[in-house]
Amino acid sequence: MKKLWGLADGNNFYASAERLFRPDLASKPLAILSNNDGCVIARSNEIKDLGVKMGTPEFEIREQIRNGVIVPFSSNYETYGEMHNRMMNTLSRFTPDWEIYSVDECWLLFKDFDYDMHAYGKYLVNETWRLVGIPVSIGMAPTKTLAKVANKLAKKDKTSGGSRVLLYDHEITIALAEFPVNDLWGVGYAKAKRLALMGVKTALDFRQLPGEWVKKHFTITGFRMWRELHGHPCYELEHESFNKENIATGRTFGKLLTRYNEVEEALANHAASCAAKLRRQKSVAGFVNVQVETHRFREDLPQYVNNISAKLLQPTSDTGSIVNHAIQGLKKIWREGYHYNRCGVLLMDLRDANAGQQIAIFSDHDVQKSQAVMERMDDLNRRFGKNTVKMAIQGYGKEWHLKANHLSPRYLTRVADFINLKI
DNA sequence: TCTGGGGTCCTAGGACCC
DNA sequence: TCTGGGGTCCTAGGACCC
């Protein structure tokens with residue numbers, strides 16, 4: 001059976017989402033900033049043309065922001081999340097076999113097609129633009145790795161109509177001959193460095209290496225990449241099990257913190273947020289890991305990085321229990337006299353909440369009571385906004401809170417921010 | 001002065017067992 | 001306590017992704 005992989009993704013997704021509500025910024029350079037307005041995490045084409053790279057610290061473009069050359073946005077995850085839902089909804093209409101890969105990417109598998117796939121790709125691009133308002137590109141090829149290549153080529157070639165198909169051997173070979181090996185899906189910093197030393201420049205150079213040699217020097221992951229470039233699929237559609245294996249929440253603070261109570265308050269909030277995520281996927285956690293760290297770029301200050309894991313008495317998703325265990329961990333690794341920059345909580349050893357709750361120390365009654373309280377709390381927080389109900393220890397101090405000086409309205413998710421139309 | 005956050009997969013190496 | 005190979009299980013950390 002003929003199969004073709006498609007990778008569809010939103011062009012400059014966050015920037016395009018912001019621009020949808022601000023048509024007046026149609027040709028302006030836009031920078032989307034990370035949490036805490038720390039650095040650039042998404043860019044419009046115009047700012048790429050200015051040479052602003054991914055990860056550029058905000059202070060380096062502050063002057064251009066001040067004089068209006070660059071328009072900054074703090075990350076607005078509520079709006080991006082809703083645009084994600086709409087985009088995936090639309091893309092999923094083009095084939096029954098699809099998989100969400102990231103916030104702005106979707107795999108589409110086409111089986112037994114007998115129509116012009118390039119035309120179909122262009123149709124998909126136009127329809128998504130019409131229905132969602134986000135510009136997308138699609139690349140199609142016999143494997144996921146090659147579809148990634150096709151997608152990048154679709155973006156690069158302004159005449160492609162946003163769609164590129166690599167179907168036949170000769171067109172794949174021609175494309176790979178001009179494709180930098182560093183841009184392949186699966187080549188990061190470490191592999192790029194080694195490939196450069198070997199004189200491997202293009203994806204075709206890499207594909208022409210002997211398979212056994214690749215396996216020996218680049219392990220199984222490199223070998224899979226090699227096979228995929230030859231058109232042999234190593235990655236399939238990943239349908240279900242959307243449940244995460246780990247759940248983490250961590251943030252840098254709005255400023256460096258030295259007092260225990262402030263860090264404890266931030267940590268309690270991260271732990272509570274992890275517990276809420278855990279209940280949303282109907283899991284319980286067996287281990288809580290707590291991390292603290294100082295500011296790694298501040299060479300003038302003493303550095304301290306540590307983390308600790310604690311086993312929960314019994315696997316649970318109870319906010320109180322998870323927050324308490326996290327705080328016990330923090331007390332063990334806390335050291336006075338440092339300027340802390342970040343803390344975080346990681347829940348591990350996750351399992352299905354309904355599969356065999358142990359009885360151990362708690363009676364069933366306690367478990368049921370905890371579940372009832374949590375359900376009520378989640379319900380209230382869903383209806384009236386995050387943190388309407390919370391633990392006392394989560395506090396009301398704002399010392400640790402993030403900067404977000406350029407936040408756009410939550411156009412899609414907050415009633416007060418809806419756009420009013422005058423007709 | 002100012003540099004993100006949340007994930008997965010794989011491997012090496014230690015602990016332990018026979 | 002040392003001798004030795006081979007297996008499993010677990011964890012830390014590297015590499016990569018978006």
# chains A, B, ... in the order shown; residues from 1 in each chain; ligands from 1
call {"tool": "interface_residues", "arguments": {"of": "chain A", "to": "chain C", "cutoff": "7 Å", "atoms": "only C-alpha atoms (C1' of nucleotides)", "output": "ChimeraX atom specification"}}
result
/A:102,186,188
call {"tool": "select_by_dssp", "arguments": {"residues": "region 347-409 of chain A", "states": "strand (DSSP E)", "output": "ChimeraX atom specification"}}
result
/A:347-352
call {"tool": "select_by_dssp", "arguments": {"residues": "region 261-290 of chain A", "states": "helix (DSSP H, G or I)", "output": "number ranges by chain"}}
result
A: 261-280
call {"tool": "write_last_selection", "arguments": {"atoms": "N, CA and C atoms", "output": "PDB file, in the first residue's frame"}}
result
ATOM      1  N   ASN A 261      11.245  31.581  52.780  1.00  0.00           N
ATOM      2  CA  ASN A 261       9.785  31.623  52.666  1.00  0.00           C
ATOM      3  C   ASN A 261       9.318  31.948  51.251  1.00  0.00           C
ATOM      4  N   GLU A 262      10.047  32.811  50.584  1.00  0.00           N
ATOM      5  CA  GLU A 262       9.662  33.196  49.229  1.00  0.00           C
ATOM      6  C   GLU A 262       9.820  32.022  48.265  1.00  0.00           C
ATOM      7  N   VAL A 263      10.926  31.313  48.412  1.00  0.00           N
ATOM      8  CA  VAL A 263      11.166  30.168  47.539  1.00  0.00           C
ATOM      9  C   VAL A 263      10.146  29.069  47.835  1.00  0.00           C
ATOM     10  N   GLU A 264       9.870  28.887  49.119  1.00  0.00           N
ATOM     11  CA  GLU A 264       8.896  27.870  49.513  1.00  0.00           C
ATOM     12  C   GLU A 264       7.522  28.162  48.896  1.00  0.00           C
ATOM     13  N   GLU A 265       7.156  29.418  48.888  1.00  0.00           N
ATOM     14  CA  GLU A 265       5.866  29.802  48.318  1.00  0.00           C
ATOM     15  C   GLU A 265       5.812  29.509  46.817  1.00  0.00           C
ATOM     16  N   ALA A 266       6.875  29.844  46.121  1.00  0.00           N
ATOM     17  CA  ALA A 266       6.936  29.567  44.678  1.00  0.00           C
ATOM     18  C   ALA A 266       6.862  28.060  44.438  1.00  0.00           C
ATOM     19  N   LEU A 267       7.628  27.312  45.243  1.00  0.00           N
ATOM     20  CA  LEU A 267       7.659  25.865  45.073  1.00  0.00           C
ATOM     21  C   LEU A 267       6.282  25.252  45.318  1.00  0.00           C
ATOM     22  N   ALA A 268       5.588  25.746  46.343  1.00  0.00           N
ATOM     23  CA  ALA A 268       4.244  25.236  46.639  1.00  0.00           C
ATOM     24  C   ALA A 268       3.318  25.461  45.445  1.00  0.00           C
ATOM     25  N   ASN A 269       3.445  26.594  44.805  1.00  0.00           N
ATOM     26  CA  ASN A 269       2.624  26.872  43.620  1.00  0.00           C
ATOM     27  C   ASN A 269       2.961  25.934  42.463  1.00  0.00           C
ATOM     28  N   HIS A 270       4.257  25.677  42.257  1.00  0.00           N
ATOM     29  CA  HIS A 270       4.643  24.753  41.183  1.00  0.00           C
ATOM     30  C   HIS A 270       4.132  23.338  41.477  1.00  0.00           C
ATOM     31  N   ALA A 271       4.241  22.941  42.746  1.00  0.00           N
ATOM     32  CA  ALA A 271       3.780  21.602  43.135  1.00  0.00           C
ATOM     33  C   ALA A 271       2.269  21.491  42.922  1.00  0.00           C
ATOM     34  N   ALA A 272       1.541  22.533  43.288  1.00  0.00           N
ATOM     35  CA  ALA A 272       0.082  22.518  43.127  1.00  0.00           C
ATOM     36  C   ALA A 272      -0.286  22.463  41.649  1.00  0.00           C
ATOM     37  N   SER A 273       0.472  23.177  40.825  1.00  0.00           N
ATOM     38  CA  SER A 273       0.193  23.179  39.400  1.00  0.00           C
ATOM     39  C   SER A 273       0.480  21.809  38.787  1.00  0.00           C
ATOM     40  N   CYS A 274       1.540  21.146  39.251  1.00  0.00           N
ATOM     41  CA  CYS A 274       1.838  19.772  38.808  1.00  0.00           C
ATOM     42  C   CYS A 274       0.693  18.833  39.182  1.00  0.00           C
ATOM     43  N   ALA A 275       0.211  18.966  40.416  1.00  0.00           N
ATOM     44  CA  ALA A 275      -0.850  18.079  40.895  1.00  0.00           C
ATOM     45  C   ALA A 275      -2.113  18.256  40.051  1.00  0.00           C
ATOM     46  N   ALA A 276      -2.403  19.502  39.684  1.00  0.00           N
ATOM     47  CA  ALA A 276      -3.590  19.766  38.856  1.00  0.00           C
ATOM     48  C   ALA A 276      -3.428  19.135  37.470  1.00  0.00           C
ATOM     49  N   LYS A 277      -2.223  19.254  36.881  1.00  0.00           N
ATOM     50  CA  LYS A 277      -1.961  18.623  35.577  1.00  0.00           C
ATOM     51  C   LYS A 277      -2.125  17.106  35.688  1.00  0.00           C
ATOM     52  N   LEU A 278      -1.639  16.571  36.810  1.00  0.00           N
ATOM     53  CA  LEU A 278      -1.707  15.136  37.048  1.00  0.00           C
ATOM     54  C   LEU A 278      -3.157  14.653  37.081  1.00  0.00           C
ATOM     55  N   ARG A 279      -4.014  15.392  37.775  1.00  0.00           N
ATOM     56  CA  ARG A 279      -5.420  14.990  37.857  1.00  0.00           C
ATOM     57  C   ARG A 279      -6.113  15.134  36.512  1.00  0.00           C
ATOM     58  N   ARG A 280      -5.669  16.112  35.721  1.00  0.00           N
ATOM     59  CA  ARG A 280      -6.285  16.315  34.415  1.00  0.00           C
ATOM     60  C   ARG A 280      -6.073  15.079  33.534  1.00  0.00           C
TER      61      ARG A 280
END
call {"tool": "closest_atom_pairs", "arguments": {"of": "region 23-136 of chain A", "to": "region 407-415 of chain A", "cutoff": "12 Å", "atoms": "only C-alpha atoms", "output": "CSV"}}
result
residue,atom,partner,partner_atom,distance
A:Ala31,CA,A:Leu407,CA,11.9
A:Ile32,CA,A:Leu407,CA,9.8
A:Leu33,CA,A:Leu407,CA,9.6
A:Ser34,CA,A:Leu407,CA,11.2
A:Asn35,CA,A:Leu407,CA,10.6
A:Asn36,CA,A:Leu407,CA,10.8
A:Asp37,CA,A:Leu407,CA,9.7
A:Val71,CA,A:Ser408,CA,11.5
A:Pro72,CA,A:Leu407,CA,8.9
A:Phe73,CA,A:Leu407,CA,5.8
A:Ser74,CA,A:Leu407,CA,4.7
A:Ser75,CA,A:Leu407,CA,6.8
A:Asn76,CA,A:Leu407,CA,6.4
A:Tyr77,CA,A:Arg410,CA,8.9
A:Glu78,CA,A:Arg410,CA,6.5
A:Thr79,CA,A:Arg410,CA,5.8
A:Tyr80,CA,A:Leu412,CA,9.4
A:Gly81,CA,A:Thr413,CA,9.5
A:Glu82,CA,A:Leu412,CA,6.9
A:Met83,CA,A:Leu412,CA,8.6
A:His84,CA,A:Leu412,CA,11.8
A:Asn85,CA,A:Leu412,CA,11.5
A:Arg86,CA,A:Leu412,CA,11.1
call {"tool": "write_last_selection", "arguments": {"atoms": "N, CA, C and O atoms", "output": "tab-separated table (two decimals), in the first residue's frame"}}
result
chain	number	residue	atom	x	y	z
A	31	ALA	N	8.51	40.09	17.98
A	31	ALA	CA	9.28	39.19	18.83
A	31	ALA	C	8.38	38.67	19.94
A	31	ALA	O	7.79	39.47	20.67
A	32	ILE	N	8.25	37.35	20.04
A	32	ILE	CA	7.53	36.77	21.17
A	32	ILE	C	8.57	36.39	22.21
A	32	ILE	O	9.54	35.69	21.90
A	33	LEU	N	8.36	36.87	23.45
A	33	LEU	CA	9.36	36.67	24.50
A	33	LEU	C	8.99	35.48	25.39
A	33	LEU	O	7.82	35.14	25.54
A	34	SER	N	10.00	34.87	25.96
A	34	SER	CA	9.81	33.74	26.87
A	34	SER	C	9.13	34.21	28.14
A	34	SER	O	8.97	35.41	28.38
A	35	ASN	N	8.80	33.26	29.02
A	35	ASN	CA	8.35	33.60	30.36
A	35	ASN	C	9.35	34.56	30.95
A	35	ASN	O	10.56	34.43	30.72
A	36	ASN	N	8.84	35.50	31.73
A	36	ASN	CA	9.73	36.46	32.38
A	36	ASN	C	10.31	37.46	31.39
A	36	ASN	O	11.24	38.18	31.72
A	37	ASP	N	9.81	37.46	30.16
A	37	ASP	CA	10.31	38.36	29.12
A	37	ASP	C	11.82	38.26	28.97
A	37	ASP	O	12.49	39.25	28.69
A	71	VAL	N	8.19	45.03	17.62
A	71	VAL	CA	7.05	44.98	18.53
A	71	VAL	C	7.16	43.71	19.37
A	71	VAL	O	7.17	42.61	18.82
A	72	PRO	N	7.27	43.85	20.70
A	72	PRO	CA	7.43	42.68	21.57
A	72	PRO	C	6.09	42.18	22.11
A	72	PRO	O	5.16	42.96	22.30
A	73	PHE	N	6.01	40.88	22.34
A	73	PHE	CA	4.86	40.29	23.03
A	73	PHE	C	5.37	39.33	24.09
A	73	PHE	O	6.24	38.51	23.81
A	74	SER	N	4.80	39.43	25.31
A	74	SER	CA	5.03	38.38	26.29
A	74	SER	C	4.26	37.15	25.83
A	74	SER	O	3.26	37.27	25.14
A	75	SER	N	4.72	35.96	26.21
A	75	SER	CA	4.03	34.73	25.80
A	75	SER	C	2.60	34.71	26.35
A	75	SER	O	2.40	34.89	27.55
A	76	ASN	N	1.65	34.49	25.48
A	76	ASN	CA	0.24	34.44	25.88
A	76	ASN	C	-0.28	33.03	25.63
A	76	ASN	O	-0.90	32.75	24.61
A	77	TYR	N	0.01	32.12	26.57
A	77	TYR	CA	-0.23	30.71	26.31
A	77	TYR	C	-1.71	30.36	26.23
A	77	TYR	O	-2.07	29.36	25.62
A	78	GLU	N	-2.56	31.17	26.83
A	78	GLU	CA	-3.99	30.89	26.70
A	78	GLU	C	-4.44	31.03	25.25
A	78	GLU	O	-5.14	30.19	24.70
A	79	THR	N	-4.02	32.12	24.62
A	79	THR	CA	-4.40	32.34	23.23
A	79	THR	C	-3.74	31.32	22.30
A	79	THR	O	-4.41	30.75	21.42
A	80	TYR	N	-2.45	31.03	22.52
A	80	TYR	CA	-1.77	30.06	21.64
A	80	TYR	C	-2.41	28.68	21.77
A	80	TYR	O	-2.54	27.95	20.79
A	81	GLY	N	-2.82	28.34	23.00
A	81	GLY	CA	-3.45	27.03	23.22
A	81	GLY	C	-4.75	26.91	22.45
A	81	GLY	O	-5.04	25.87	21.85
A	82	GLU	N	-5.53	27.96	22.46
A	82	GLU	CA	-6.80	27.92	21.75
A	82	GLU	C	-6.58	27.90	20.24
A	82	GLU	O	-7.28	27.18	19.51
A	83	MET	N	-5.60	28.63	19.75
A	83	MET	CA	-5.30	28.59	18.31
A	83	MET	C	-4.78	27.20	17.91
A	83	MET	O	-5.07	26.72	16.82
A	84	HIS	N	-4.02	26.58	18.80
A	84	HIS	CA	-3.56	25.20	18.58
A	84	HIS	C	-4.75	24.27	18.36
A	84	HIS	O	-4.79	23.50	17.41
A	85	ASN	N	-5.75	24.36	19.27
A	85	ASN	CA	-6.92	23.50	19.15
A	85	ASN	C	-7.62	23.71	17.81
A	85	ASN	O	-8.01	22.75	17.14
A	86	ARG	N	-7.77	24.94	17.42
A	86	ARG	CA	-8.49	25.22	16.16
A	86	ARG	C	-7.71	24.70	14.97
A	86	ARG	O	-8.29	24.16	14.02
call {"tool": "atom_distance", "arguments": {"atom1": "CA of Ile308 (chain A)", "atom2": "CA of Val292 (chain A)"}}
result
9.4 Å
